[in-house]
Structures are given as C-alpha cells and as structure tokens.
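Have a look at entry-v6.cif; it's mmCIF, C-alpha atoms and all ligand atoms:
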```
data_work
#
loop_
_atom_site.label_atom_id
_atom_site.label_comp_id
_atom_site.auth_asym_id
_atom_site.auth_seq_id
_atom_site.Cartn_x
_atom_site.Cartn_y
_atom_site.Cartn_z
CA MET R 731 121.62 105.18 99.76
CA LEU R 732 119.68 101.95 99.30
CA GLN R 733 119.48 100.59 95.77
CA PHE R 734 116.19 98.92 94.88
CA LYS R 735 116.58 96.12 92.36
CA GLN R 736 113.81 94.33 90.56
CA ASN R 737 114.61 90.67 91.06
CA ILE R 738 112.35 88.11 89.39
CA ARG R 739 112.54 84.31 89.69
CA GLY R 740 110.27 82.66 87.17
CA ASN R 741 107.12 84.69 87.70
CA VAL R 742 107.80 85.44 91.36
CA ALA R 743 109.06 88.89 92.35
CA LEU R 744 111.77 88.86 95.02
CA GLY R 745 112.93 92.49 94.97
CA VAL R 746 110.88 95.38 96.29
CA ASN R 747 110.98 99.18 96.06
CA PRO R 748 109.26 100.33 99.28
CA LEU R 749 108.94 103.92 98.07
CA GLY R 750 107.47 102.76 94.77
CA CYS R 751 104.91 100.69 96.71
CA LYS R 752 103.96 103.81 98.64
CA GLN R 753 103.57 105.81 95.43
CA GLU R 754 101.34 103.10 93.95
CA VAL R 755 99.08 103.12 97.04
CA LEU R 756 98.83 106.92 96.65
CA ASN R 757 98.02 106.50 92.94
CA GLN R 758 95.18 104.12 93.77
CA ILE R 759 93.86 106.49 96.44
CA GLU R 760 93.94 109.28 93.88
CA TYR R 761 92.00 107.13 91.41
CA VAL R 762 89.23 106.55 93.97
CA LYS R 763 89.14 110.17 95.17
CA LYS R 764 88.75 111.45 91.61
CA LYS R 765 85.59 109.35 91.32
CA GLY R 766 84.11 111.03 94.38
CA THR R 767 82.40 109.47 97.37
CA TYR R 768 79.67 106.82 97.50
CA PRO R 769 77.41 105.58 100.27
CA GLY R 770 78.85 102.36 101.64
CA PRO R 771 79.81 100.48 104.78
CA LYS R 772 81.54 102.28 107.64
CA LYS R 773 83.21 99.42 109.53
CA VAL R 774 85.04 96.94 107.34
CA LEU R 775 87.24 93.90 107.98
CA ILE R 776 89.43 92.76 105.08
CA ILE R 777 91.17 89.40 105.29
CA GLY R 778 94.03 89.45 102.77
CA ALA R 779 94.26 93.25 102.71
CA SER R 780 97.83 93.98 101.69
CA SER R 781 97.89 93.53 97.92
CA SER R 782 95.90 93.49 94.69
CA TYR R 783 92.20 92.77 95.19
CA GLY R 784 92.21 93.04 99.00
CA LEU R 785 94.24 96.27 99.03
CA ALA R 786 92.14 97.79 96.26
CA THR R 787 89.01 96.92 98.26
CA ARG R 788 90.39 98.62 101.32
CA ILE R 789 91.34 101.73 99.34
CA SER R 790 87.97 101.99 97.59
CA LEU R 791 85.97 101.56 100.80
CA ALA R 792 88.13 103.91 102.88
CA PHE R 793 88.59 106.72 100.38
CA GLY R 794 85.32 106.22 98.47
CA ALA R 795 82.90 105.32 101.25
CA GLY R 796 84.75 106.73 104.29
CA ALA R 797 85.10 103.34 106.00
CA ASP R 798 87.22 102.53 109.01
CA THR R 799 89.10 99.35 108.14
CA ILE R 800 90.88 96.45 109.76
CA GLY R 801 93.29 94.64 107.43
CA VAL R 802 94.70 91.18 108.05
CA SER R 803 97.66 90.01 105.98
CA PHE R 804 100.78 87.88 106.08
CA GLU R 805 103.82 89.97 105.15
CA LYS R 806 107.44 90.42 106.15
CA GLY R 807 109.26 93.59 107.23
CA PRO R 808 112.85 94.59 106.41
CA LYS R 809 115.77 92.69 107.99
CA ASN R 810 118.81 94.20 106.31
CA GLU R 811 119.92 95.86 103.06
CA ARG R 812 119.65 92.62 101.12
CA ASN R 813 116.33 91.59 102.61
CA LEU R 814 113.86 94.45 102.55
CA GLY R 815 110.76 92.33 103.21
CA THR R 816 107.65 92.13 101.06
CA ALA R 817 105.69 94.69 99.07
CA GLY R 818 102.54 94.11 101.11
CA TRP R 819 104.38 95.21 104.26
CA TYR R 820 104.96 98.65 102.75
CA ASN R 821 101.48 98.78 101.20
CA ASN R 822 99.98 98.30 104.68
CA ILE R 823 102.06 101.16 106.06
CA ALA R 824 101.34 103.54 103.18
CA PHE R 825 97.62 102.79 103.43
CA ARG R 826 97.50 103.34 107.20
CA GLU R 827 99.40 106.64 106.99
CA ALA R 828 97.13 107.99 104.25
CA ALA R 829 93.91 106.82 105.92
CA GLU R 830 94.89 108.23 109.31
CA LYS R 831 95.62 111.59 107.67
CA GLU R 832 91.94 111.64 106.68
CA GLY R 833 90.83 110.77 110.20
CA LEU R 834 89.96 107.15 109.37
CA VAL R 835 90.80 104.16 111.55
CA ALA R 836 93.19 101.82 109.70
CA LYS R 837 94.35 98.93 111.86
CA ASN R 838 96.79 96.37 110.45
CA PHE R 839 97.16 92.83 111.75
CA VAL R 840 100.14 91.06 110.21
CA GLN R 841 99.70 87.42 111.11
CA ASP R 842 98.44 84.05 109.92
CA ALA R 843 94.74 84.55 109.21
CA PHE R 844 94.17 80.78 109.30
CA SER R 845 94.91 80.51 113.04
CA HIS R 846 92.34 80.72 115.84
CA GLU R 847 94.57 83.23 117.69
CA SER R 848 94.46 85.58 114.74
CA LYS R 849 90.68 85.59 114.69
CA GLN R 850 90.56 86.12 118.46
CA GLU R 851 92.96 89.08 118.33
CA VAL R 852 90.85 90.78 115.67
CA ILE R 853 87.69 90.14 117.69
CA ASP R 854 89.27 91.53 120.87
CA TYR R 855 90.30 94.64 118.96
CA ILE R 856 86.82 95.14 117.48
CA LYS R 857 85.27 94.84 120.94
CA SER R 858 87.71 97.05 122.77
CA GLU R 859 88.83 99.71 120.28
CA PHE R 860 87.24 99.68 116.83
CA GLY R 861 84.16 101.56 117.95
CA GLY R 862 81.41 99.55 116.34
CA LYS R 863 80.28 96.30 114.82
CA ILE R 864 81.41 95.17 111.36
CA ASP R 865 79.10 95.78 108.43
CA LEU R 866 81.29 94.28 105.70
CA VAL R 867 83.75 91.37 105.85
CA VAL R 868 85.87 90.92 102.72
CA TYR R 869 87.66 87.62 102.26
CA SER R 870 90.48 88.13 99.73
CA LEU R 871 93.09 85.66 100.80
CA ALA R 872 95.35 83.81 98.38
CA SER R 873 97.88 81.40 99.80
CA GLY R 874 99.87 78.36 98.77
CA ARG R 875 99.62 76.72 102.20
CA ARG R 876 97.40 76.54 105.23
CA THR R 877 97.89 75.06 108.67
CA ASP R 878 94.65 73.63 110.04
CA PRO R 879 94.09 75.45 113.33
CA ASP R 880 92.65 72.36 115.06
CA THR R 881 95.00 69.59 113.93
CA GLY R 882 98.18 71.61 113.27
CA GLU R 883 98.52 69.79 109.95
CA THR R 884 99.82 71.91 107.03
CA TYR R 885 98.25 71.58 103.59
CA ILE R 886 99.85 72.73 100.32
CA SER R 887 97.73 73.78 97.35
CA SER R 888 98.58 72.67 93.81
CA ILE R 889 97.53 74.39 90.63
CA LYS R 890 96.84 71.38 88.45
CA ALA R 891 94.49 69.99 85.85
CA LEU R 892 92.08 67.13 86.52
CA GLY R 893 92.09 63.84 84.65
CA GLU R 894 94.35 64.60 81.68
CA PRO R 895 97.61 66.56 81.48
CA VAL R 896 97.38 69.99 79.86
CA VAL R 897 100.04 71.08 77.37
CA GLY R 898 100.27 74.70 76.24
CA PRO R 899 102.31 77.88 76.04
CA ASN R 900 103.45 79.78 79.11
CA ILE R 901 105.56 82.87 79.73
CA ASN R 902 108.55 83.24 82.03
CA MET R 903 108.90 86.92 82.94
CA GLN R 904 112.39 86.44 84.38
CA ASN R 905 113.85 85.44 80.99
CA GLN R 906 111.10 86.97 78.84
CA ASP R 907 110.64 83.49 77.47
CA PHE R 908 107.63 81.92 75.72
CA TYR R 909 107.77 78.14 76.11
CA THR R 910 105.66 74.99 76.16
CA GLU R 911 104.64 73.65 79.54
CA THR R 912 102.96 70.41 80.56
CA LEU R 913 100.70 70.47 83.59
CA GLU R 914 100.14 67.06 85.13
CA PRO R 915 96.74 66.07 86.48
CA ALA R 916 96.28 66.29 90.23
CA THR R 917 95.93 63.28 92.51
CA GLU R 918 92.83 63.01 94.72
CA GLN R 919 94.99 64.09 97.65
CA GLU R 920 96.21 67.19 95.83
CA ILE R 921 92.64 68.14 94.93
CA ALA R 922 91.53 67.76 98.55
CA ASP R 923 94.54 69.71 99.84
CA THR R 924 93.94 72.58 97.39
CA VAL R 925 90.31 72.80 98.51
CA LYS R 926 91.54 72.85 102.11
CA VAL R 927 93.83 75.82 101.37
CA MET R 928 91.93 77.87 98.77
CA GLY R 929 88.37 76.70 99.46
CA GLY R 930 85.90 78.37 101.77
CA GLU R 931 86.54 76.57 105.06
CA ASP R 932 88.55 79.39 106.62
CA TRP R 933 86.06 82.01 105.37
CA GLN R 934 83.32 80.12 107.19
CA LEU R 935 85.48 79.79 110.34
CA TRP R 936 86.01 83.55 110.35
CA MET R 937 82.29 84.24 109.98
CA GLU R 938 81.41 81.73 112.73
CA ALA R 939 83.93 83.26 115.11
CA LEU R 940 82.79 86.84 114.38
CA LYS R 941 79.13 85.90 114.76
CA GLU R 942 79.75 83.98 117.96
CA ALA R 943 81.56 87.02 119.40
CA ASP R 944 78.61 89.25 118.45
CA VAL R 945 80.73 91.73 116.50
CA LEU R 946 78.71 91.61 113.26
CA ALA R 947 76.16 94.35 112.60
CA ASP R 948 72.60 93.58 111.60
CA GLY R 949 72.52 93.28 107.80
CA VAL R 950 76.24 92.41 107.58
CA LEU R 951 77.58 91.52 104.14
CA THR R 952 80.56 89.27 103.45
CA THR R 953 82.20 89.04 100.02
CA ASN R 954 84.59 86.46 98.60
CA TYR R 955 86.38 86.84 95.24
CA SER R 956 86.01 83.95 92.85
CA TYR R 957 87.07 83.27 89.28
CA LEU R 958 85.21 81.14 86.76
CA GLY R 959 87.05 82.04 83.59
CA THR R 960 86.20 80.81 80.13
CA GLU R 961 86.69 77.99 77.67
CA LEU R 962 90.19 79.41 77.06
CA ASN R 963 91.43 78.64 80.56
CA HIS R 964 88.95 76.01 81.73
CA ALA R 965 91.36 73.05 81.53
CA TYR R 966 93.79 74.50 84.06
CA TYR R 967 91.55 76.84 86.08
CA GLY R 968 87.79 76.31 86.31
CA GLY R 969 88.16 72.64 85.42
CA GLY R 970 91.27 72.18 87.59
CA THR R 971 92.12 72.13 91.28
CA LEU R 972 91.50 75.88 91.69
CA GLY R 973 88.03 75.47 90.19
CA ARG R 974 87.30 72.83 92.83
CA ALA R 975 88.42 75.23 95.55
CA LYS R 976 86.20 77.99 94.14
CA ALA R 977 83.23 75.59 94.00
CA ASP R 978 83.84 74.90 97.69
CA CYS R 979 83.55 78.65 98.35
CA ASP R 980 80.12 78.59 96.64
CA GLU R 981 79.05 75.84 99.05
CA LYS R 982 80.44 77.64 102.07
CA ALA R 983 78.56 80.80 100.99
CA ASN R 984 75.35 78.80 101.45
CA ASN R 985 76.44 77.76 104.96
CA ILE R 986 77.33 81.34 105.83
CA ASN R 987 73.98 82.58 104.52
CA ALA R 988 72.26 80.16 106.88
CA LEU R 989 74.54 81.25 109.73
CA LEU R 990 73.77 84.94 109.18
CA ALA R 991 70.05 84.62 108.49
CA ASP R 992 68.97 85.74 111.97
CA ILE R 993 70.97 88.97 111.68
CA ASN R 994 69.82 89.57 108.08
CA GLY R 995 73.35 88.99 106.82
CA LYS R 996 74.44 87.82 103.41
CA ALA R 997 77.40 85.99 101.88
CA GLN R 998 78.17 87.19 98.35
CA ILE R 999 80.43 85.41 95.89
CA VAL R 1000 81.90 88.00 93.52
CA VAL R 1001 83.21 86.52 90.28
CA ALA R 1002 86.03 88.93 89.55
CA THR R 1003 87.94 89.53 86.33
CA ALA R 1004 91.42 88.23 85.48
CA VAL R 1005 94.08 90.64 86.74
CA THR R 1006 97.84 90.59 87.24
CA THR R 1007 98.63 89.72 90.85
CA LYS R 1008 101.25 87.86 92.84
CA ALA R 1009 98.85 84.91 93.00
CA SER R 1010 97.74 84.88 89.36
CA SER R 1011 101.24 85.26 87.89
CA VAL R 1012 102.19 81.75 88.98
CA ILE R 1013 99.17 80.05 87.41
CA PRO R 1014 100.56 78.07 84.45
CA PHE R 1015 99.47 79.33 80.98
CA PHE R 1016 97.48 82.19 82.59
CA PRO R 1017 99.99 84.92 81.56
CA VAL R 1018 99.44 83.95 77.91
CA TYR R 1019 95.67 84.24 78.31
CA CYS R 1020 96.22 87.60 80.02
CA ILE R 1021 98.39 89.13 77.29
CA GLY R 1022 95.75 88.20 74.72
CA LEU R 1023 92.82 89.32 76.84
CA TYR R 1024 94.42 92.57 77.98
CA LYS R 1025 95.25 93.54 74.40
CA VAL R 1026 91.67 93.01 73.27
CA MET R 1027 90.17 94.70 76.34
CA ALA R 1028 92.60 97.63 76.20
CA GLU R 1029 91.54 98.26 72.59
CA LYS R 1030 87.89 98.13 73.59
CA GLY R 1031 88.52 100.36 76.61
CA THR R 1032 87.41 97.65 79.05
CA HIS R 1033 90.77 96.56 80.51
CA GLU R 1034 90.83 97.07 84.28
CA THR R 1035 93.47 96.94 86.99
CA PRO R 1036 92.41 95.71 90.46
CA ILE R 1037 91.57 99.22 91.71
CA MET R 1038 89.44 99.97 88.66
CA HIS R 1039 87.59 96.67 88.86
CA ILE R 1040 87.09 96.69 92.62
CA ASP R 1041 85.98 100.31 92.78
CA ARG R 1042 83.38 99.56 90.09
CA ILE R 1043 82.21 96.49 92.03
CA TYR R 1044 81.54 98.37 95.27
CA ARG R 1045 80.65 101.83 93.97
CA GLU R 1046 78.44 100.83 91.05
CA MET R 1047 77.32 97.28 91.77
CA ILE R 1048 77.14 96.32 95.46
CA TYR R 1049 76.38 99.81 96.80
CA GLY R 1050 75.07 101.15 93.49
CA ASP R 1051 72.34 100.13 91.08
CA LYS R 1052 74.30 98.26 88.39
CA ALA R 1053 74.66 94.83 90.00
CA GLU R 1054 74.49 91.84 87.63
CA TYR R 1055 73.90 88.41 89.19
CA ASP R 1056 73.94 84.96 87.62
CA GLU R 1057 71.33 82.24 88.10
CA VAL R 1058 72.87 81.09 91.38
CA GLY R 1059 73.16 84.57 92.82
CA ARG R 1060 76.85 85.27 92.22
CA LEU R 1061 77.76 88.87 91.35
CA ARG R 1062 79.20 88.99 87.81
CA PRO R 1063 81.49 91.98 87.23
CA ASP R 1064 83.48 89.60 85.00
CA SER R 1065 80.89 90.14 82.24
CA TRP R 1066 83.30 92.47 80.40
CA GLU R 1067 85.93 89.70 80.27
CA LEU R 1068 83.32 87.12 79.23
CA ASP R 1069 81.83 89.30 76.49
CA SER R 1070 81.58 86.99 73.43
CA ASP R 1071 83.38 89.31 71.02
CA THR R 1072 86.17 89.84 73.59
CA GLN R 1073 86.57 86.09 74.01
CA ALA R 1074 86.50 85.37 70.26
CA LYS R 1075 89.18 87.99 69.60
CA THR R 1076 91.27 86.79 72.55
CA LYS R 1077 91.11 83.21 71.26
CA ALA R 1078 92.18 84.23 67.75
CA LEU R 1079 95.02 86.33 69.14
CA ILE R 1080 96.35 83.70 71.52
CA GLN R 1081 96.44 81.15 68.71
CA LYS R 1082 98.80 83.45 66.77
CA LEU R 1083 101.29 83.92 69.61
CA ASN R 1084 104.77 82.40 69.51
CA GLU R 1085 108.33 83.01 70.83
CA GLU R 1086 108.94 85.69 68.21
CA ASN R 1087 105.83 87.81 68.54
CA PHE R 1088 104.47 87.44 72.12
CA ASN R 1089 106.49 90.47 73.20
CA SER R 1090 105.45 92.63 70.23
CA GLU R 1091 102.65 95.12 69.76
CA ILE R 1092 100.20 92.41 68.63
CA ALA R 1093 99.70 91.33 72.28
CA ALA R 1094 99.89 93.02 75.69
CA TYR R 1095 103.05 91.60 77.24
CA ASP R 1096 103.97 95.23 77.98
CA ILE R 1097 100.82 95.67 80.10
CA LEU R 1098 101.35 92.38 81.93
CA TYR R 1099 105.00 93.16 82.69
CA LYS R 1100 104.28 96.69 83.87
CA GLU R 1101 101.40 95.57 86.10
CA PHE R 1102 103.57 92.77 87.50
CA SER R 1103 106.41 95.23 88.21
CA ILE R 1104 104.09 97.72 89.91
CA LEU R 1105 103.13 95.01 92.43
CA SER R 1106 106.67 95.30 93.83
CA GLY R 1107 106.96 99.07 93.49
CA PHE R 1108 108.75 99.22 90.12
CA MET R 1109 107.61 101.09 86.97
CA VAL R 1110 105.12 103.02 89.15
CA ASP R 1111 103.65 106.15 87.55
CA GLY R 1112 104.69 109.34 89.34
CA TYR R 1113 107.55 107.66 91.24
CA VAL R 1114 110.45 109.95 91.96
CA GLU R 1115 113.69 108.44 93.26
CA GLN R 1116 114.36 109.40 96.87
CA GLU R 1117 117.02 108.59 99.42
CA VAL R 1118 116.11 106.28 102.25
CA THR R 1119 118.19 104.22 104.67
CA ILE R 1120 117.57 100.73 106.00
CA GLU R 1121 117.23 102.24 109.49
CA GLU R 1122 114.43 104.49 108.26
CA LEU R 1123 112.64 101.55 106.66
CA LYS R 1124 113.03 99.45 109.81
CA ALA R 1125 111.61 102.28 111.90
CA LEU R 1126 108.34 102.28 109.93
CA LYS R 1127 105.53 100.74 111.99
CA TYR R 1128 102.69 98.83 110.39
P1 LIG Y 1 97.37 88.38 96.32
O1 LIG Y 1 98.44 87.34 96.38
O2 LIG Y 1 97.67 89.67 95.66
O3 LIG Y 1 96.87 88.71 97.82
C1 LIG Y 1 96.68 87.74 98.77
C2 LIG Y 1 96.51 88.35 100.15
O4 LIG Y 1 96.38 87.28 101.09
C3 LIG Y 1 97.69 89.21 100.62
O5 LIG Y 1 97.19 90.32 101.34
C4 LIG Y 1 98.43 88.27 101.57
O6 LIG Y 1 99.19 88.93 102.58
C5 LIG Y 1 97.26 87.53 102.18
N1 LIG Y 1 97.63 86.27 102.80
C6 LIG Y 1 98.16 85.15 102.22
N2 LIG Y 1 98.33 84.19 103.15
C7 LIG Y 1 97.90 84.70 104.34
C8 LIG Y 1 97.80 84.20 105.66
N3 LIG Y 1 98.18 82.97 105.97
N4 LIG Y 1 97.32 85.03 106.62
C9 LIG Y 1 96.94 86.30 106.34
N5 LIG Y 1 96.98 86.82 105.10
C10 LIG Y 1 97.46 86.02 104.11
O7 LIG Y 1 96.09 87.66 95.67
P2 LIG Y 1 94.87 88.14 94.77
O8 LIG Y 1 95.14 87.72 93.37
O9 LIG Y 1 94.47 89.54 95.07
O10 LIG Y 1 93.74 87.12 95.29
C11 LIG Y 1 92.72 87.44 96.22
C12 LIG Y 1 91.50 86.61 95.88
O11 LIG Y 1 90.99 87.03 94.60
C13 LIG Y 1 91.76 85.10 95.75
O12 LIG Y 1 90.67 84.39 96.29
C14 LIG Y 1 91.80 84.90 94.24
O13 LIG Y 1 91.48 83.58 93.85
C15 LIG Y 1 90.72 85.88 93.82
N6 LIG Y 1 90.73 86.23 92.39
C16 LIG Y 1 91.88 86.59 91.75
C17 LIG Y 1 91.88 86.84 90.39
C18 LIG Y 1 93.14 87.21 89.67
O14 LIG Y 1 93.13 87.23 88.43
N7 LIG Y 1 94.21 87.54 90.38
C19 LIG Y 1 90.64 86.76 89.60
C20 LIG Y 1 89.46 86.48 90.39
C21 LIG Y 1 89.53 86.19 91.73
#
```
Write out the structure in this file as structure tokens.
Ligand code: NAI
Amino acid sequence: MLQFKQNIRGNVALGVNPLGCKQEVLNQIEYVKKKGTYPGPKKVLIIGASSSYGLATRISLAFGAGADTIGVSFEKGPKNERNLGTAGWYNNIAFREAAEKEGLVAKNFVQDAFSHESKQEVIDYIKSEFGGKIDLVVYSLASGRRTDPDTGETYISSIKALGEPVVGPNINMQNQDFYTETLEPATEQEIADTVKVMGGEDWQLWMEALKEADVLADGVLTTNYSYLGTELNHAYYGGGTLGRAKADCDEKANNINALLADINGKAQIVVATAVTTKASSVIPFFPVYCIGLYKVMAEKGTHETPIMHIDRIYREMIYGDKAEYDEVGRLRPDSWELDSDTQAKTKALIQKLNEENFNSEIAAYDILYKEFSILSGFMVDGYVEQEVTIEELKALKY
C-alpha cells in the first residue's frame, strides 16, 4: 500500500495525497451543489484550471451553471512510488470524472499555456469537438517562469520590493518558524521580467488567437484575477514587482476590450481576496498578513476559501445582481478584506505577533496550515484512508 507523506520545503509542498485531492474536489463540488444552480455561461475555457482560484472557477461554473469546460494547466503525473506527481494532476482527473458523471464536457490540456502550440491545440479542439463557441475565458495562471513563444527566451519572475529593501516577519511552515526576513529591491531587469511572466501579455495573446480563430461567442467575457491588497502588504505586493505585473494586466484589459468590441466582448479584471494557494504561500511576509487577516475575518464570519470566494463572484456578482466595481471598472469582491474595521483589527493583531504566540489561538496559523495542507490532499475533511497502488495511479488518465 502506498504511504502518502506530507513533505514541505520552506512554504512549498512536495508530497501529495492523490486520494485526498480527489476528496477535496468532491468537497468543493458539494459546496457549490448545496447552493443550487445559477444562470451562467455554458462553454468555458479556463487557463490555469488545476488548483485554487482556477479550479474553484471551473467547479463553480460546471456544477453551479452547468458549463462545459476546457482546462489548461501545467502539472506532472506519477513516475514511481517516491514521485507521485503534483496535486493539480489529480485535481484535473477528479474534476473530469465528476463532471462527466453529470453529462458535462470536461477536457483537460496539460501543457505550457504560454506556447503558441498550446493555444492552437485548444483552438483545434474547440472547432472540431467542443460543440460551440466560448462564452467565458478565465485567465488564472500563476507561474514563476515563462518562455516567450516568439523568441524562445525564458523569463523568471521575482517577488521583490521596489526602491528600498523591506524588513519584516515571515513564517516558515516546514519548521513552524516565525523569523525576520529582508526583501531586497528589484533591479529594472527583474521588474521587467516579472511583468513578462505575471503581466497580461499572454492573456492578450490567448484572446487574440481565440478571436482570430473565430471561436469566441458574441458577448464573450474574459476574467483575470488580480490583487491590490492594502497598506499592510503594499511594500512587498501592490508596491512591488507583483503590483507592476498586475498593473500590466489592467493595461492589457484595455487592449482586449478594444479587440473584442466588434463582438460585444468584455475583459474584466477581478480583484480577488487573499487566499492560501501554492502561489501565495511563497510570497514573503504574506503568510503573516494572512494569519492576522484570517483570524479577524473568521471571527466576523467573512473568511473565505477559494471556492467560497469564487462561487460568490460568479453566482452573485458577475451573473447575479451584487457586482461592485471601482472607479476604473474592476470588480471588487475584495471589499470584505478591505473593510476598514477588518484592516484596523488585522493591523493591531499582526503587530502583536512574535515567535511565541504566532501559532496560538490569538492568530489563525491553524487555518493557514490546514488550507495549505489541503492543497496537497492532506487534512481534507471527509477523507477516509484507502488502499491504492502506484500502477492504479499511473493508469488514471487526465
Ligand atoms: P495556483 O498556483 O494555485 O494556480 C496556478 C495555475 O496555473 C495552476 O493551474 C497551474 O497548473 C497553472 N500554470 C502555471 N504555469 C503554467 C503554464 N506554463 N501552463 C499552463 N498552466 C500553468 O495560483 P493561484 O493563487 O490560484 O493564482 C491564480 C491567479 O489568481 C493569479 O493571477 C494570482 O495572482 C491571482 N490571485 C491570487 C490571490 C491569492 O491570494 N492566492 C489573490 C488574488 C489574485
């Protein structure tokens, strides 16, 4: 029988429990089904579909709105007993199996979304098999590197401050350690490279390719998840390299709006709330902000996991009547996080945290750690240990 071991390096999860991942996908489906159905898009393409925000989007739209979905992601399957692959691999499989049981189309493409070939394969599939044009394109990609499809040059993103170094507390989940970290300011090259990877260029390339191929429906919507944050994380997020990349997405949204005007399409930046994901766990200092924020929001009853947040965004805001936009037209579901009392309490709480108390009941390290573990299939509610062999895992098809 295979033993699944949670293996954490720094704030990166290396181990995976494939059956726990499956149970978590089923839990999220259950969450959406309990809320009932809502009128929404029927043909959806999700780029970055295998975990956190992208996966939650796919689950909400399939099981809430009855959408057929295409998911693009970059994941690895099992090789042997010591290398079982990545959580997203198993999430893709669990999603497809559950969606197909309900008669929905759920096509997975596991490949580099940044390449031209990847876009072409998806387009060919839409034309030949998907059975209709796309009415929603969700761009939910998070990556540390990108190879430019024209030049072949690879760019690496850096999560850094601008101008001055930032010094502050961080958490290492491997050692359950609370320590002081210094984040150096980025060079001009690092800023440009981060924009190249996490900015909106690839989103625009996708939309141009899909439009050119005539696979977008009249009135198509495309969403892209952004983060603006607050004064408490401005120095290393909104005011850092990632903030520059997000500003680039705002600009590219304008280009995409112009591109889609003749088919009545729209590009929508969605400023989403802070959640525990593979991508956010490695942002310096962010875990400390999260354990303060989550504690305050949990007490107020406003703390959300990705499925809760995303389902609210599509069900109540985009396809409902509770949308809140800011002055430049971005959708603002992050208003619960930004609530002034929530921020004031989070600030006061974070200032009290130290090595002795960060892991106590005054903050929400327990929530952060559980949510982080669930991403790899550990600590999943309702999980029951089962026997599975490596051959059985290898035989699963995405
Ligand atoms: P994640 O790491 O959980 O998911 C990233 C997805 O991108 C995965 O499906 C992965 O397979 C896919 N991916 C990465 N490289 C790829 C490639 N080369 N080709 C194809 N697929 C690839 O990330 P998360 O946190 O869900 O982020 C999604 C978006 O949400 C990002 O734009 C992020 O900035 C944004 N966001 C995240 C927040 C957070 O607190 N986590 C808050 C607000 C916005």
query = Excluding same-chain residues fewer than 6 positions from range 1008-1010 of chain R, what lies within 10 Å of it counting all atoms listed in the file, as an MDAnalysis selection string?
reply = chainID R and resid 741:743 781:782 871:874 1016:1017 1020 1102 1105:1106
Env. residues ligand LIG 1 (chain Y) / 7 Å / all atoms listed in the file / as an MDAnalysis selection string = chainID R and resid 777:784 802:805 818 840:844 870:873 876 954:957 1001:1010
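Between Met1027 in chain R and the candidates R:Lys1052, R:Arg875, R:Lys1075, R:Arg1045, the tightest atom-to-atom separation, counting only C-alpha atoms, involves R:Lys1075.
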query = Which protein, DNA or RNA residues have an atom at most 12 Å from (92.9, 96.8, 97.1), counting only C-alpha atoms? List them as a VMD selection string.
reply = chain R and resid 754 to 759 761 to 762 776 to 793 799 801 818 821 to 822 825 868 to 871 1007 1035 to 1041 1043 to 1044 1105
Closest pair table for range 948-1014 of chain R residues within 8 Å of range 883-899 of chain R, all atoms listed in the file, as a Markdown table:
```
| residue | atom | partner | partner_atom | distance |
| --- | --- | --- | --- | --- |
| R:Ala965 | CA | R:Ala891 | CA | 6.2 |
| R:Tyr966 | CA | R:Ala891 | CA | 4.9 |
| R:Tyr967 | CA | R:Ala891 | CA | 7.5 |
| R:Gly969 | CA | R:Leu892 | CA | 6.9 |
| R:Gly970 | CA | R:Ala891 | CA | 4.3 |
| R:Thr971 | CA | R:Lys890 | CA | 5.6 |
| R:Leu972 | CA | R:Ile889 | CA | 6.3 |
| R:Ile1013 | CA | R:Ile889 | CA | 6.7 |
| R:Pro1014 | CA | R:Ile889 | CA | 7.8 |
```
Per residue of range 802-894 of chain R within 10 Å of range 995-998 of chain R, record the nearest atom pair and its distance in Å to one decimal, counting all atoms listed in the file, with rows in chain order and ascending residue number, as JSON lines.
```
{"residue": "R:Asp865", "atom": "CA", "partner": "R:Gly995", "partner_atom": "CA", "distance": 9.0}
{"residue": "R:Leu866", "atom": "CA", "partner": "R:Gly995", "partner_atom": "CA", "distance": 9.6}
{"residue": "R:Val867", "atom": "CA", "partner": "R:Ala997", "partner_atom": "CA", "distance": 9.2}
{"residue": "R:Val868", "atom": "CA", "partner": "R:Gln998", "partner_atom": "CA", "distance": 9.6}
```
message = Show me, as number ranges by chain, the residues that have an atom within 12 Å of Ser858 in chain R when counting all atoms listed in the file, minus same-chain residues fewer than 6 positions from it.
response = R: 851-852, 945
message = Just the number, please: distance in Å from CA of Ala1074 in chain R to CA of Glu1091 in chain R, one decimal.
response = 18.9 Å
task = Counting all atoms listed in the file, figure out which residue out of R:Asn810, R:Gln906, R:Asn838, R:Ser845 gets nearest to Arg739 in chain R.
result = R:Gln906
